[in-house]
Amino acid sequence: MNSRSWKLAVGLYLLSVLLVSGEELPHPAPVIRSAMPYEVDAPVDPDANQIAVFDDYSWRMFIALNWPAKTGIRGAPDELKKIGDFSDPGAKVVWGTWKADYDLFPRDGLQPTEWASFDGLTPSRALPFEGSGRTMVLGSFLSFRDFNQAGNGRFGSPLVAQNHTYIRFEVRLNQVEFNFIRDQQLYFQSRLPVAGGAKVRFPNNCVAVKAAWKIIKEEELPAAQGRYYIVDAMVLDPATNKCKMQKMGLVGLHIVQKTRMRPQWVWSSFEHIDNVPEPGTRPAPGRRFSLNEPARPQVLDPATAPPPISKTNLPLENPRPMQVIRTKKIADSTRKTNEDYQALLRGTVWENYQLVMTQWPKFPQPEEENGAPFPGQFTGPDPMTNIANTTMETYFQKSASSSCMSCHDAARRKGTDFVWFLQFGASGE
């Protein structure tokens with residue numbers, strides 16, 4: 001073998017190693033901007049290993065959505081501020097000003113108010129109709145929905161933190177998605193697709209987020225400040241049907257966006273670094289986690305998902321903490337992207353968050369198909385990347401068949417374009 005042939009063979013070997021390891025494409029330079037990216041800067045190439053490019057897109061979305069928002073305007077970043085600046089009392093991040101899913105399904109037969117309005121009914125009956133949207137509410141008109149994780153189209157299990165409190169969940173929508181649902185009146189069951197009928201197609205640039213929040217107790221606040229994104233929220237107690245103002249710390253965030261080149265949406269999932277230890281690591285002495293006790297056996301406890309909170313299984317005043325573990329490691333390439341962005345975010349609460357995974361359609365055409373989600377199947381001993389968020393899919397970590405896209409594909413088959421919450425919330429006309 002001559003020198004040129006030898007170099008070519010070595011180059012091909014190294015390329016194959018990189019493809020298998022998930023490190024093929026170079027990592028884009030991290031960018032801190034308030035502008036929301038509306039497309040992934042990568043060609044649609046089912047054979048390319050594009051994890052680094054998609055993960056960079058996920059982080060740029062995360063930063064744009066968590067930029068300080070302009071006061072009194074929904075969905076607008078304050079470009080005069082820097083990421084992590086919460087010096088103004090009551091300051092919110094951009095997605096925190098979006099409409100909540102309950103804004104689409106008000107009780108008493110009322111229609112949803114328009115996007116710009118802060119008026120409306122909320123699950124907190126103590127809040128007046130006028131201006132209620134300026135107060136964050138964690139609750140649901142559908143009793144107990146905010147207590148339970150998703151569960152393949154049905155209510156899943158609750159999650160109990162180490163401080164003996166329930167994790168609470170919420171969904172919020174950007175202007176494009178909210179207006180489409182409102183204009184099409186998809187909050188009525190009669191407007192949803194029927195078997196064999198025309199399917200709903202959401203427009204490009206629809207964005208939705210799902211957040212997981214932990215109650216920060218008074219004695220925990222000194223340690224949590226500066227480490228968590230913390231908000232004041234009215235938290236609904238379904239037993240009394242009353243709300244109590246609580247300090248809430250963000251522990252998980254799903255972001256999903258429909259783009260022109262990826263009509264099956266792109267799915268990005270973030271967690272706080274203090275949720276659980278990484279598999280195969282030994283936490284430093286004294287390290288505390290929200291969902292894991294390092295001194296206990298590192299196995300899921302309970303081993304199977306507990307029943308959802310419901311009228312027949314009411315939330316407890318002092319629930320037993322659950323032992324949560326991460327089953328699959330975060331991909332090495334994703335960890336590198338996390339480190340790059342965390343370094344730029346040093347000194348802000350956002351350096352304490354990490355991307356767990358990005359999932360995207362490998363074959364986005366034809367648009368009416370499921371897109372062959374990646375990651376969706378594993379061909380080697382180690383997965384290319386994680387496919388689950390420990391705060392929202394605690395008991396769905398073992399199989400790629402229970403990933404974000406595969407679960408929401410059931411909604412696509414029902415005709416609502418991967419959007420599940422319409423199936424839950426829509427009411428009779």
# chains A, B, ... in the order shown; residues from 1 in each chain; ligands from 1
>>> select_by_dssp(residues="range 76-305 of chain A", states="strand (DSSP E)", output="VMD selection string")
chain A and resid 99 to 100 137 to 138 148 to 150 155 to 158 168 to 173 207 to 215 230 to 237 242 to 257 266 to 272
>>> write_last_selection(atoms="C-alpha atoms", output="mmCIF file, in the first residue's frame")
data_model
loop_
_atom_site.group_PDB
_atom_site.id
_atom_site.type_symbol
_atom_site.label_atom_id
_atom_site.label_comp_id
_atom_site.auth_asym_id
_atom_site.auth_seq_id
_atom_site.Cartn_x
_atom_site.Cartn_y
_atom_site.Cartn_z
ATOM 1 C CA LYS A 99 -50.401 31.930 26.752
ATOM 2 C CA ALA A 100 -50.864 28.778 28.817
ATOM 3 C CA VAL A 137 -50.733 29.978 37.651
ATOM 4 C CA LEU A 138 -49.825 26.312 37.934
ATOM 5 C CA ASN A 148 -49.069 14.046 36.053
ATOM 6 C CA GLN A 149 -46.471 13.329 33.432
ATOM 7 C CA ALA A 150 -47.497 12.414 29.906
ATOM 8 C CA PHE A 155 -52.318 10.788 32.028
ATOM 9 C CA GLY A 156 -49.091 9.315 33.350
ATOM 10 C CA SER A 157 -47.660 9.194 36.831
ATOM 11 C CA PRO A 158 -46.875 11.944 39.326
ATOM 12 C CA ARG A 168 -45.921 20.477 38.687
ATOM 13 C CA PHE A 169 -46.222 20.735 34.910
ATOM 14 C CA GLU A 170 -47.445 23.362 32.468
ATOM 15 C CA VAL A 171 -47.707 23.913 28.691
ATOM 16 C CA ARG A 172 -47.343 27.275 26.945
ATOM 17 C CA LEU A 173 -47.710 28.277 23.292
ATOM 18 C CA VAL A 207 -43.506 26.631 19.127
ATOM 19 C CA ALA A 208 -44.718 25.011 22.332
ATOM 20 C CA VAL A 209 -42.950 24.435 25.634
ATOM 21 C CA LYS A 210 -43.676 22.078 28.475
ATOM 22 C CA ALA A 211 -42.121 22.940 31.807
ATOM 23 C CA ALA A 212 -41.559 20.990 35.021
ATOM 24 C CA TRP A 213 -41.399 22.971 38.272
ATOM 25 C CA LYS A 214 -40.281 22.093 41.787
ATOM 26 C CA ILE A 215 -41.569 23.831 44.902
ATOM 27 C CA ILE A 230 -37.194 30.755 40.259
ATOM 28 C CA VAL A 231 -40.636 32.299 39.804
ATOM 29 C CA ASP A 232 -43.551 33.222 42.016
ATOM 30 C CA ALA A 233 -46.639 31.259 41.007
ATOM 31 C CA MET A 234 -50.154 30.653 42.248
ATOM 32 C CA VAL A 235 -50.185 26.868 42.723
ATOM 33 C CA LEU A 236 -53.544 25.129 42.759
ATOM 34 C CA ASP A 237 -54.397 22.729 45.580
ATOM 35 C CA LYS A 242 -57.588 27.179 46.198
ATOM 36 C CA CYS A 243 -54.244 28.558 45.105
ATOM 37 C CA LYS A 244 -51.237 29.419 47.215
ATOM 38 C CA MET A 245 -48.342 31.634 46.146
ATOM 39 C CA GLN A 246 -45.193 29.514 45.993
ATOM 40 C CA LYS A 247 -41.572 29.843 44.947
ATOM 41 C CA MET A 248 -41.084 27.449 42.029
ATOM 42 C CA GLY A 249 -37.785 26.327 40.511
ATOM 43 C CA LEU A 250 -37.533 25.203 36.889
ATOM 44 C CA VAL A 251 -36.257 21.607 36.687
ATOM 45 C CA GLY A 252 -37.250 20.566 33.148
ATOM 46 C CA LEU A 253 -38.156 22.167 29.827
ATOM 47 C CA HIS A 254 -39.303 20.610 26.555
ATOM 48 C CA ILE A 255 -39.219 22.850 23.464
ATOM 49 C CA VAL A 256 -40.854 21.770 20.205
ATOM 50 C CA GLN A 257 -40.914 23.791 16.988
ATOM 51 C CA VAL A 266 -37.879 19.386 16.138
ATOM 52 C CA TRP A 267 -37.907 18.231 19.761
ATOM 53 C CA SER A 268 -35.472 19.590 22.352
ATOM 54 C CA SER A 269 -35.357 18.658 26.027
ATOM 55 C CA PHE A 270 -33.484 20.372 28.874
ATOM 56 C CA GLU A 271 -33.029 19.623 32.569
ATOM 57 C CA HIS A 272 -31.426 21.178 35.611
#
>>> select_by_dssp(residues="range 114-340 of chain A", states="helix (DSSP H, G or I)", output="NGL selection string")
:A and (132-134 or 145-147 or 175-184 or 189-191 or 218-224 or 332-340)
>>> residues_around(residues="His27 in chain A", least_positions_apart="5", cutoff="8 Å", atoms="only C-alpha atoms", output="tab-separated table (two decimals) with C-alpha atoms, in the first residue's frame")
chain	number	residue	atom	x	y	z
A	52	ALA	CA	-23.89	18.74	17.05
A	53	VAL	CA	-25.79	20.99	14.63
A	56	ASP	CA	-26.64	23.88	18.82
A	337	THR	CA	-22.26	21.32	23.29
>>> closest_residue(among="A:Gly84, A:Pro46, A:Gly109, A:Pro123", to="Pro361 in chain A", atoms="only C-alpha atoms")
A:Pro46
>>> atom_distance(atom1="CA of Trp350 in chain A", atom2="CA of Leu65 in chain A")
11.7 Å
>>> residues_around(residues="Pro106 in chain A", least_positions_apart="2", cutoff="8 Å", atoms="only C-alpha atoms", output="list in words")
Tyr102, Asp103, Leu104, Asp108, Gly109, Leu110, Gln111, Pro112, Gly120, Leu121, Thr122 and Phe141 of chain A
>>> write_last_selection(atoms="N, CA and C atoms", output="mmCIF file, in the first residue's frame")
data_model
loop_
_atom_site.group_PDB
_atom_site.id
_atom_site.type_symbol
_atom_site.label_atom_id
_atom_site.label_comp_id
_atom_site.auth_asym_id
_atom_site.auth_seq_id
_atom_site.Cartn_x
_atom_site.Cartn_y
_atom_site.Cartn_z
ATOM 1 N N TYR A 102 -54.305 26.363 29.280
ATOM 2 C CA TYR A 102 -55.641 26.566 29.843
ATOM 3 C C TYR A 102 -56.303 27.838 29.296
ATOM 4 N N ASP A 103 -55.505 28.768 28.716
ATOM 5 C CA ASP A 103 -56.084 29.962 28.101
ATOM 6 C C ASP A 103 -56.958 29.618 26.902
ATOM 7 N N LEU A 104 -56.737 28.443 26.320
ATOM 8 C CA LEU A 104 -57.540 28.013 25.171
ATOM 9 C C LEU A 104 -58.822 27.298 25.576
ATOM 10 N N ASP A 108 -67.036 27.899 31.742
ATOM 11 C CA ASP A 108 -68.246 28.734 31.651
ATOM 12 C C ASP A 108 -68.591 29.128 30.219
ATOM 13 N N GLY A 109 -68.098 28.358 29.240
ATOM 14 C CA GLY A 109 -68.480 28.599 27.851
ATOM 15 C C GLY A 109 -67.862 29.825 27.215
ATOM 16 N N LEU A 110 -66.881 30.439 27.853
ATOM 17 C CA LEU A 110 -66.250 31.624 27.293
ATOM 18 C C LEU A 110 -65.284 31.252 26.169
ATOM 19 N N GLN A 111 -65.066 32.192 25.238
ATOM 20 C CA GLN A 111 -64.108 32.000 24.169
ATOM 21 C C GLN A 111 -62.730 32.471 24.645
ATOM 22 N N PRO A 112 -61.655 31.921 24.117
ATOM 23 C CA PRO A 112 -60.320 32.396 24.501
ATOM 24 C C PRO A 112 -60.133 33.863 24.107
ATOM 25 N N GLY A 120 -58.590 36.978 31.269
ATOM 26 C CA GLY A 120 -59.073 35.626 31.059
ATOM 27 C C GLY A 120 -59.311 34.897 32.359
ATOM 28 N N LEU A 121 -60.029 33.787 32.251
ATOM 29 C CA LEU A 121 -60.224 32.912 33.408
ATOM 30 C C LEU A 121 -59.019 32.002 33.556
ATOM 31 N N THR A 122 -58.627 31.767 34.797
ATOM 32 C CA THR A 122 -57.517 30.866 35.084
ATOM 33 C C THR A 122 -57.986 29.823 36.093
ATOM 34 N N PHE A 141 -57.895 23.400 34.546
ATOM 35 C CA PHE A 141 -59.336 23.221 34.635
ATOM 36 C C PHE A 141 -59.675 21.733 34.638
#
>>> closest_residue(among="A:Ser143, A:Asn174, A:Ser132, A:Thr394", to="Leu300 in chain A", atoms="only C-alpha atoms")
A:Thr394
>>> residues_around(residues="Met322 in chain A", least_positions_apart="5", cutoff="12 Å", atoms="only C-alpha atoms", output="ChimeraX atom specification")
/A:157-167,275-276,289-293,296-306,390-391,394-395
>>> residues_around(residues="Pro30 in chain A", least_positions_apart="3", cutoff="12 Å", atoms="only C-alpha atoms", output="PyMOL selection string")
chain A and resi 26-27+33+52-53+55-61+63+336-345
>>> write_last_selection(atoms="C-alpha atoms", output="PDB file, in the first residue's frame")
ATOM      1  CA  PRO A  26     -17.928  19.817  13.940  1.00  0.00           C
ATOM      2  CA  HIS A  27     -19.578  21.698  16.762  1.00  0.00           C
ATOM      3  CA  ARG A  33     -28.591  35.912  21.104  1.00  0.00           C
ATOM      4  CA  ALA A  52     -23.893  18.739  17.047  1.00  0.00           C
ATOM      5  CA  VAL A  53     -25.793  20.989  14.627  1.00  0.00           C
ATOM      6  CA  ASP A  55     -28.002  20.420  19.596  1.00  0.00           C
ATOM      7  CA  ASP A  56     -26.643  23.881  18.819  1.00  0.00           C
ATOM      8  CA  TYR A  57     -30.061  24.824  17.422  1.00  0.00           C
ATOM      9  CA  SER A  58     -31.677  23.534  20.627  1.00  0.00           C
ATOM     10  CA  TRP A  59     -29.427  25.694  22.780  1.00  0.00           C
ATOM     11  CA  ARG A  60     -30.040  28.792  20.657  1.00  0.00           C
ATOM     12  CA  MET A  61     -33.791  28.243  21.108  1.00  0.00           C
ATOM     13  CA  ILE A  63     -31.421  30.996  25.189  1.00  0.00           C
ATOM     14  CA  LYS A 336     -19.608  18.893  24.572  1.00  0.00           C
ATOM     15  CA  THR A 337     -22.264  21.322  23.288  1.00  0.00           C
ATOM     16  CA  ASN A 338     -23.554  21.729  26.850  1.00  0.00           C
ATOM     17  CA  GLU A 339     -20.083  22.599  28.112  1.00  0.00           C
ATOM     18  CA  ASP A 340     -19.599  25.179  25.346  1.00  0.00           C
ATOM     19  CA  TYR A 341     -22.846  26.974  26.172  1.00  0.00           C
ATOM     20  CA  GLN A 342     -22.539  26.638  29.930  1.00  0.00           C
ATOM     21  CA  ALA A 343     -19.157  28.370  29.700  1.00  0.00           C
ATOM     22  CA  LEU A 344     -20.741  31.339  27.892  1.00  0.00           C
ATOM     23  CA  LEU A 345     -23.576  31.450  30.432  1.00  0.00           C
TER      24      LEU A 345
END
>>> residues_around(residues="Leu80 in chain A", least_positions_apart="5", cutoff="12 Å", atoms="only C-alpha atoms", output="PyMOL selection string")
chain A and resi 33-34+67-70+85
>>> closest_residue(among="A:Ala284, A:Tyr229, A:Gly139, A:Pro279", to="Asn241 in chain A", atoms="only C-alpha atoms")
A:Gly139
>>> atom_distance(atom1="CA of Arg201 in chain A", atom2="CA of Cys404 in chain A")
18.6 Å
>>> closest_residue(among="A:Glu114, A:Tyr353, A:Ala198, A:Val324", to="Asp183 in chain A", atoms="only C-alpha atoms")
A:Glu114
>>> atom_distance(atom1="CA of Trp360 in chain A", atom2="CA of Gln264 in chain A")
7.6 Å
>>> closest_residue(among="A:Asp119, A:Glu39, A:Glu218, A:Asp146", to="Arg134 in chain A", atoms="only C-alpha atoms")
A:Asp119
